[in-house]
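Undergrad: File structure-v4.cif follows (mmCIF, N, CA and C atoms):
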```
data_final
#
loop_
_atom_site.label_atom_id
_atom_site.label_comp_id
_atom_site.auth_asym_id
_atom_site.auth_seq_id
_atom_site.Cartn_x
_atom_site.Cartn_y
_atom_site.Cartn_z
N MET L 1350 0.84 -1.19 0.00
CA MET L 1350 0.00 0.00 0.00
C MET L 1350 0.88 1.25 0.00
N LEU L 1351 0.56 2.18 -0.86
CA LEU L 1351 1.33 3.41 -0.99
C LEU L 1351 0.91 4.42 0.07
N LYS L 1352 1.90 4.92 0.83
CA LYS L 1352 1.60 5.92 1.86
C LYS L 1352 1.99 7.29 1.33
N LEU L 1353 1.03 8.20 1.38
CA LEU L 1353 1.29 9.57 0.95
C LEU L 1353 1.57 10.44 2.16
N PRO L 1354 2.46 11.42 2.02
CA PRO L 1354 2.72 12.31 3.16
C PRO L 1354 1.49 13.15 3.48
N LEU L 1355 1.26 13.39 4.77
CA LEU L 1355 0.12 14.19 5.19
C LEU L 1355 0.32 15.64 4.79
N LYS L 1356 -0.75 16.26 4.32
CA LYS L 1356 -0.68 17.69 4.00
C LYS L 1356 -0.72 18.47 5.30
N ARG L 1357 -0.02 19.59 5.33
CA ARG L 1357 -0.08 20.45 6.50
C ARG L 1357 -1.19 21.46 6.30
N PHE L 1358 -2.06 21.57 7.27
CA PHE L 1358 -3.16 22.53 7.20
C PHE L 1358 -2.88 23.66 8.18
N PHE L 1359 -3.02 24.89 7.72
CA PHE L 1359 -2.81 26.05 8.56
C PHE L 1359 -4.16 26.70 8.78
N PHE L 1360 -4.69 26.58 10.00
CA PHE L 1360 -6.01 27.08 10.30
C PHE L 1360 -5.95 28.51 10.82
N ASN L 1361 -7.12 29.15 10.83
CA ASN L 1361 -7.26 30.44 11.48
C ASN L 1361 -7.54 30.16 12.95
N MET L 1362 -6.96 30.97 13.84
CA MET L 1362 -7.17 30.77 15.26
C MET L 1362 -7.78 32.01 15.87
N ASN L 1363 -8.88 31.86 16.60
CA ASN L 1363 -9.48 32.94 17.36
C ASN L 1363 -9.16 32.69 18.83
N ILE L 1364 -8.37 33.57 19.42
CA ILE L 1364 -7.94 33.44 20.81
C ILE L 1364 -8.60 34.54 21.63
N PRO L 1365 -9.16 34.22 22.82
CA PRO L 1365 -9.74 35.28 23.65
C PRO L 1365 -8.65 36.23 24.16
N LYS L 1366 -9.02 37.51 24.34
CA LYS L 1366 -8.05 38.51 24.78
C LYS L 1366 -7.62 38.30 26.23
N VAL L 1367 -8.49 37.69 27.04
CA VAL L 1367 -8.17 37.40 28.45
C VAL L 1367 -8.42 35.91 28.70
N ILE L 1368 -7.39 35.23 29.22
CA ILE L 1368 -7.52 33.80 29.54
C ILE L 1368 -7.01 33.56 30.95
N ARG L 1369 -7.45 32.45 31.55
CA ARG L 1369 -6.95 32.07 32.88
C ARG L 1369 -5.86 31.03 32.69
N LYS L 1370 -4.65 31.37 33.18
CA LYS L 1370 -3.51 30.47 33.09
C LYS L 1370 -2.72 30.52 34.39
N TYR L 1371 -1.84 29.56 34.57
CA TYR L 1371 -1.00 29.52 35.76
C TYR L 1371 0.11 30.56 35.64
N CYS L 1372 0.29 31.36 36.70
CA CYS L 1372 1.37 32.34 36.76
C CYS L 1372 2.43 31.79 37.71
N ALA L 1373 3.64 31.59 37.23
CA ALA L 1373 4.71 31.01 38.04
C ALA L 1373 5.15 31.97 39.14
N LYS L 1374 5.02 33.27 38.91
CA LYS L 1374 5.42 34.26 39.92
C LYS L 1374 4.40 34.32 41.06
N CYS L 1375 3.11 34.35 40.72
CA CYS L 1375 2.04 34.38 41.73
C CYS L 1375 1.78 32.99 42.33
N LYS L 1376 2.23 31.95 41.63
CA LYS L 1376 2.02 30.55 42.02
C LYS L 1376 0.53 30.19 42.14
N THR L 1377 -0.27 30.75 41.26
CA THR L 1377 -1.70 30.44 41.22
C THR L 1377 -2.23 30.75 39.82
N HIS L 1378 -3.43 30.30 39.52
CA HIS L 1378 -4.06 30.62 38.25
C HIS L 1378 -4.60 32.04 38.32
N THR L 1379 -4.27 32.85 37.32
CA THR L 1379 -4.73 34.24 37.26
C THR L 1379 -5.23 34.53 35.86
N GLU L 1380 -5.96 35.63 35.74
CA GLU L 1380 -6.37 36.08 34.41
C GLU L 1380 -5.17 36.73 33.74
N GLN L 1381 -4.97 36.38 32.47
CA GLN L 1381 -3.82 36.91 31.74
C GLN L 1381 -4.28 37.49 30.42
N LYS L 1382 -3.77 38.70 30.12
CA LYS L 1382 -4.09 39.35 28.86
C LYS L 1382 -3.18 38.79 27.77
N VAL L 1383 -3.75 38.53 26.62
CA VAL L 1383 -3.00 37.97 25.49
C VAL L 1383 -2.75 39.08 24.48
N SER L 1384 -1.50 39.19 24.03
CA SER L 1384 -1.16 40.13 22.96
C SER L 1384 -0.21 39.42 22.01
N ILE L 1385 0.05 40.03 20.87
CA ILE L 1385 0.91 39.43 19.86
C ILE L 1385 2.22 40.20 19.81
N TYR L 1386 3.35 39.48 19.81
CA TYR L 1386 4.67 40.11 19.75
C TYR L 1386 4.85 40.81 18.42
N LYS L 1387 5.34 42.03 18.48
CA LYS L 1387 5.68 42.77 17.26
C LYS L 1387 7.14 43.16 17.35
N ALA L 1388 7.85 43.03 16.24
CA ALA L 1388 9.26 43.38 16.21
C ALA L 1388 9.43 44.88 16.40
N GLY L 1389 10.51 45.27 17.04
CA GLY L 1389 10.77 46.69 17.29
C GLY L 1389 11.24 47.40 16.03
N LYS L 1390 11.45 48.71 16.18
CA LYS L 1390 11.88 49.53 15.05
C LYS L 1390 13.31 49.16 14.68
N ARG L 1391 13.58 49.01 13.40
CA ARG L 1391 14.91 48.65 12.93
C ARG L 1391 15.83 49.86 12.96
N ARG L 1392 17.06 49.66 13.41
CA ARG L 1392 18.03 50.75 13.47
C ARG L 1392 18.92 50.68 12.23
N GLY L 1393 18.92 51.73 11.45
CA GLY L 1393 19.68 51.75 10.21
C GLY L 1393 21.18 51.72 10.42
N SER L 1394 21.64 52.16 11.61
CA SER L 1394 23.08 52.20 11.87
C SER L 1394 23.59 50.93 12.54
N ALA L 1395 22.72 49.92 12.72
CA ALA L 1395 23.15 48.65 13.32
C ALA L 1395 24.12 47.94 12.38
N ARG L 1396 25.02 47.15 12.94
CA ARG L 1396 26.08 46.52 12.14
C ARG L 1396 25.50 45.65 11.02
N GLY L 1397 24.50 44.86 11.32
CA GLY L 1397 23.90 43.99 10.31
C GLY L 1397 23.21 44.76 9.20
N GLU L 1398 22.56 45.88 9.56
CA GLU L 1398 21.90 46.72 8.55
C GLU L 1398 22.94 47.33 7.61
N ARG L 1399 24.05 47.79 8.18
CA ARG L 1399 25.11 48.38 7.34
C ARG L 1399 25.74 47.33 6.43
N ARG L 1400 25.94 46.13 6.97
CA ARG L 1400 26.53 45.04 6.18
C ARG L 1400 25.61 44.68 5.01
N HIS L 1401 24.30 44.59 5.29
CA HIS L 1401 23.33 44.24 4.25
C HIS L 1401 23.28 45.32 3.18
N ALA L 1402 23.31 46.59 3.59
CA ALA L 1402 23.27 47.70 2.64
C ALA L 1402 24.51 47.69 1.74
N GLU L 1403 25.66 47.34 2.32
CA GLU L 1403 26.90 47.29 1.55
C GLU L 1403 26.86 46.16 0.51
N ARG L 1404 26.33 45.02 0.91
CA ARG L 1404 26.26 43.88 -0.02
C ARG L 1404 25.21 44.10 -1.10
N LYS L 1405 24.22 44.94 -0.80
CA LYS L 1405 23.11 45.20 -1.72
C LYS L 1405 23.49 46.18 -2.83
N ARG L 1406 24.59 46.89 -2.67
CA ARG L 1406 24.97 47.91 -3.64
C ARG L 1406 25.21 47.31 -5.02
N GLY L 1407 24.77 48.04 -6.06
CA GLY L 1407 25.01 47.61 -7.43
C GLY L 1407 23.90 46.77 -8.03
N TYR L 1408 22.79 46.58 -7.31
CA TYR L 1408 21.69 45.77 -7.83
C TYR L 1408 20.60 46.63 -8.45
N GLY L 1409 20.74 47.94 -8.45
CA GLY L 1409 19.75 48.83 -9.08
C GLY L 1409 18.40 48.72 -8.42
N GLY L 1410 17.34 48.63 -9.23
CA GLY L 1410 15.98 48.57 -8.69
C GLY L 1410 15.57 47.19 -8.21
N GLN L 1411 16.38 46.17 -8.54
CA GLN L 1411 16.03 44.81 -8.15
C GLN L 1411 16.42 44.57 -6.69
N LYS L 1412 15.58 43.86 -5.96
CA LYS L 1412 15.89 43.56 -4.57
C LYS L 1412 17.03 42.54 -4.50
N PHE L 1413 17.74 42.52 -3.40
CA PHE L 1413 18.89 41.63 -3.24
C PHE L 1413 18.60 40.63 -2.16
N PRO L 1414 18.93 39.37 -2.25
CA PRO L 1414 19.03 38.66 -3.51
C PRO L 1414 17.62 38.25 -3.93
N LYS L 1415 17.38 38.16 -5.20
CA LYS L 1415 16.04 37.85 -5.68
C LYS L 1415 15.78 36.36 -5.46
N LEU L 1416 14.72 36.05 -4.67
CA LEU L 1416 14.39 34.66 -4.37
C LEU L 1416 13.51 34.08 -5.47
N ALA L 1417 13.82 32.86 -5.90
CA ALA L 1417 13.01 32.20 -6.92
C ALA L 1417 11.68 31.77 -6.32
N LYS L 1418 11.72 31.22 -5.10
CA LYS L 1418 10.52 30.73 -4.44
C LYS L 1418 10.70 30.91 -2.94
N PRO L 1419 9.74 31.55 -2.28
CA PRO L 1419 9.88 31.71 -0.83
C PRO L 1419 9.82 30.36 -0.11
N ALA L 1420 10.54 30.23 0.98
CA ALA L 1420 10.65 28.95 1.68
C ALA L 1420 9.39 28.61 2.45
N LYS L 1421 8.72 29.60 3.02
CA LYS L 1421 7.56 29.34 3.87
C LYS L 1421 6.34 30.10 3.35
N VAL L 1422 5.15 29.58 3.65
CA VAL L 1422 3.91 30.24 3.22
C VAL L 1422 3.25 30.98 4.38
N THR L 1423 3.70 30.72 5.61
CA THR L 1423 3.12 31.38 6.78
C THR L 1423 4.22 31.98 7.64
N LYS L 1424 3.84 32.89 8.52
CA LYS L 1424 4.77 33.48 9.49
C LYS L 1424 4.49 32.87 10.85
N LYS L 1425 5.50 32.89 11.71
CA LYS L 1425 5.30 32.42 13.08
C LYS L 1425 4.76 33.57 13.92
N VAL L 1426 3.74 33.28 14.72
CA VAL L 1426 3.13 34.27 15.60
C VAL L 1426 3.52 33.91 17.03
N THR L 1427 4.01 34.90 17.81
CA THR L 1427 4.39 34.67 19.19
C THR L 1427 3.42 35.36 20.12
N PRO L 1428 2.52 34.60 20.79
CA PRO L 1428 1.60 35.23 21.74
C PRO L 1428 2.33 35.57 23.04
N ILE L 1429 1.98 36.70 23.65
CA ILE L 1429 2.55 37.13 24.93
C ILE L 1429 1.43 37.18 25.96
N MET L 1430 1.59 36.45 27.07
CA MET L 1430 0.63 36.46 28.16
C MET L 1430 1.13 37.41 29.24
N THR L 1431 0.29 38.34 29.70
CA THR L 1431 0.65 39.27 30.76
C THR L 1431 -0.29 39.05 31.94
N CYS L 1432 0.28 38.69 33.10
CA CYS L 1432 -0.51 38.46 34.31
C CYS L 1432 -1.10 39.78 34.76
N THR L 1433 -2.41 39.80 35.05
CA THR L 1433 -3.07 41.04 35.46
C THR L 1433 -2.77 41.40 36.91
N VAL L 1434 -2.28 40.43 37.71
CA VAL L 1434 -1.99 40.69 39.13
C VAL L 1434 -0.58 41.25 39.30
N CYS L 1435 0.44 40.52 38.80
CA CYS L 1435 1.83 40.93 39.02
C CYS L 1435 2.49 41.55 37.79
N LYS L 1436 1.80 41.60 36.65
CA LYS L 1436 2.28 42.19 35.39
C LYS L 1436 3.47 41.43 34.79
N LYS L 1437 3.68 40.18 35.19
CA LYS L 1437 4.74 39.36 34.60
C LYS L 1437 4.33 38.93 33.21
N LYS L 1438 5.28 38.95 32.27
CA LYS L 1438 4.99 38.57 30.88
C LYS L 1438 5.60 37.21 30.58
N TYR L 1439 4.84 36.40 29.86
CA TYR L 1439 5.29 35.08 29.43
C TYR L 1439 5.16 34.99 27.92
N ASN L 1440 6.23 34.57 27.25
CA ASN L 1440 6.19 34.36 25.80
C ASN L 1440 5.94 32.89 25.53
N LYS L 1441 4.94 32.63 24.70
CA LYS L 1441 4.70 31.26 24.25
C LYS L 1441 5.58 31.02 23.03
N PRO L 1442 5.95 29.76 22.76
CA PRO L 1442 6.73 29.49 21.55
C PRO L 1442 5.94 29.88 20.31
N GLY L 1443 6.64 30.30 19.27
CA GLY L 1443 5.98 30.75 18.04
C GLY L 1443 5.14 29.66 17.40
N ILE L 1444 3.95 30.04 16.95
CA ILE L 1444 3.03 29.12 16.29
C ILE L 1444 2.99 29.48 14.81
N ARG L 1445 3.23 28.50 13.94
CA ARG L 1445 3.15 28.76 12.51
C ARG L 1445 1.69 28.63 12.10
N ILE L 1446 1.07 29.75 11.78
CA ILE L 1446 -0.37 29.76 11.52
C ILE L 1446 -0.69 30.84 10.50
N LYS L 1447 -1.74 30.61 9.73
CA LYS L 1447 -2.11 31.55 8.67
C LYS L 1447 -2.68 32.84 9.25
N LYS L 1448 -3.64 32.73 10.18
CA LYS L 1448 -4.27 33.92 10.76
C LYS L 1448 -4.47 33.71 12.25
N PHE L 1449 -3.96 34.62 13.07
CA PHE L 1449 -4.06 34.56 14.52
C PHE L 1449 -4.82 35.80 14.96
N GLU L 1450 -6.03 35.61 15.48
CA GLU L 1450 -6.89 36.75 15.79
C GLU L 1450 -7.29 36.74 17.25
N LEU L 1451 -7.21 37.91 17.91
CA LEU L 1451 -7.65 38.06 19.29
C LEU L 1451 -9.08 38.54 19.29
N VAL L 1452 -9.95 37.81 20.01
CA VAL L 1452 -11.37 38.17 20.06
C VAL L 1452 -11.77 38.42 21.51
N ALA L 1453 -12.73 39.31 21.73
CA ALA L 1453 -13.24 39.56 23.07
C ALA L 1453 -14.07 38.36 23.52
N ALA L 1454 -13.80 37.90 24.73
CA ALA L 1454 -14.52 36.70 25.20
C ALA L 1454 -15.60 37.07 26.19
#
```
Translate the structure described by the file into structure tokens.

TA:
Amino acid sequence: MLKLPLKRFFFNMNIPKVIRKYCAKCKTHTEQKVSIYKAGKRRGSARGERRHAERKRGYGGQKFPKLAKPAKVTKKVTPIMTCTVCKKKYNKPGIRIKKFELVAA
């Protein structure tokens, strides 16, 4: 019998804005606000930015390097839980998902 590899399905996720989870600092279950991690503002004078700009020179209007096919179809989303009692923040591992939406519960 021929076995075919399973297709990966990327679902949409609706997560409540406030959930009850265990807080390691309070040592009890507390209500925690859920938010999504966003990358900070990029600094143009950072060493990596300068290195990339130097390597990019001479390519004109074309982006450097031009990718034939992107490696991934989804981005990883990192949810952040903030305890409402002690304000401690917990980062969950990144979830590869098509759409991650916070809904009022």

Undergrad: What lies within 8 Å of L:Thr1423 using all atoms listed in the file, ignoring chain neighbours under 3 positions off, as a list in words?

TA: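 My list of contacting residues is Ala1420, Val1426, Ile1444, Arg1445, Ile1446, Lys1447 and Lys1448 of chain L.
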
Undergrad: Would you translate the PyMOL selection byres ((chain L and resi 1450) around 7) into the concrete set of residues it matches in this file, as a PDB file with N, CA and C atoms, keeping the file's coordinate frame?

TA:
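Final file, out.pdb:
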```pdb
ATOM      1  N   ASN L1361      -7.120  29.150  10.830  1.00  0.00           N
ATOM      2  CA  ASN L1361      -7.260  30.440  11.480  1.00  0.00           C
ATOM      3  C   ASN L1361      -7.540  30.160  12.950  1.00  0.00           C
ATOM      4  N   MET L1362      -6.960  30.970  13.840  1.00  0.00           N
ATOM      5  CA  MET L1362      -7.170  30.770  15.260  1.00  0.00           C
ATOM      6  C   MET L1362      -7.780  32.010  15.870  1.00  0.00           C
ATOM      7  N   ASN L1363      -8.880  31.860  16.600  1.00  0.00           N
ATOM      8  CA  ASN L1363      -9.480  32.940  17.360  1.00  0.00           C
ATOM      9  C   ASN L1363      -9.160  32.690  18.830  1.00  0.00           C
ATOM     10  N   ILE L1364      -8.370  33.570  19.420  1.00  0.00           N
ATOM     11  CA  ILE L1364      -7.940  33.440  20.810  1.00  0.00           C
ATOM     12  C   ILE L1364      -8.600  34.540  21.630  1.00  0.00           C
ATOM     13  N   PRO L1365      -9.160  34.220  22.820  1.00  0.00           N
ATOM     14  CA  PRO L1365      -9.740  35.280  23.650  1.00  0.00           C
ATOM     15  C   PRO L1365      -8.650  36.230  24.160  1.00  0.00           C
ATOM     16  N   LYS L1448      -3.640  32.730  10.180  1.00  0.00           N
ATOM     17  CA  LYS L1448      -4.270  33.920  10.760  1.00  0.00           C
ATOM     18  C   LYS L1448      -4.470  33.710  12.250  1.00  0.00           C
ATOM     19  N   PHE L1449      -3.960  34.620  13.070  1.00  0.00           N
ATOM     20  CA  PHE L1449      -4.060  34.560  14.520  1.00  0.00           C
ATOM     21  C   PHE L1449      -4.820  35.800  14.960  1.00  0.00           C
ATOM     22  N   LEU L1451      -7.210  37.910  17.910  1.00  0.00           N
ATOM     23  CA  LEU L1451      -7.650  38.060  19.290  1.00  0.00           C
ATOM     24  C   LEU L1451      -9.080  38.540  19.290  1.00  0.00           C
ATOM     25  N   VAL L1452      -9.950  37.810  20.010  1.00  0.00           N
ATOM     26  CA  VAL L1452     -11.370  38.170  20.060  1.00  0.00           C
ATOM     27  C   VAL L1452     -11.770  38.420  21.510  1.00  0.00           C
TER      28      VAL L1452
END
```

Undergrad: In Å, how far is it from atom CA of L:Cys1372 to atom CA of L:Tyr1439?

TA: 8.8 Å

Undergrad: Go through L:Ile1429, L:Ala1395, L:Val1434, L:Ala1453 and flag the residue nearest L:Thr1377, using only C-alpha atoms for the distances.

TA: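 Using only C-alpha atoms, L:Thr1377 sits closest to L:Val1434.
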
Undergrad: Using all atoms listed in the file, which residue out of L:Lys1374, L:Arg1399, L:Lys1405, L:Val1422 lies closest to L:Lys1437?

TA: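 Counting all atoms listed in the file, the residue closest to L:Lys1437 is L:Lys1374.
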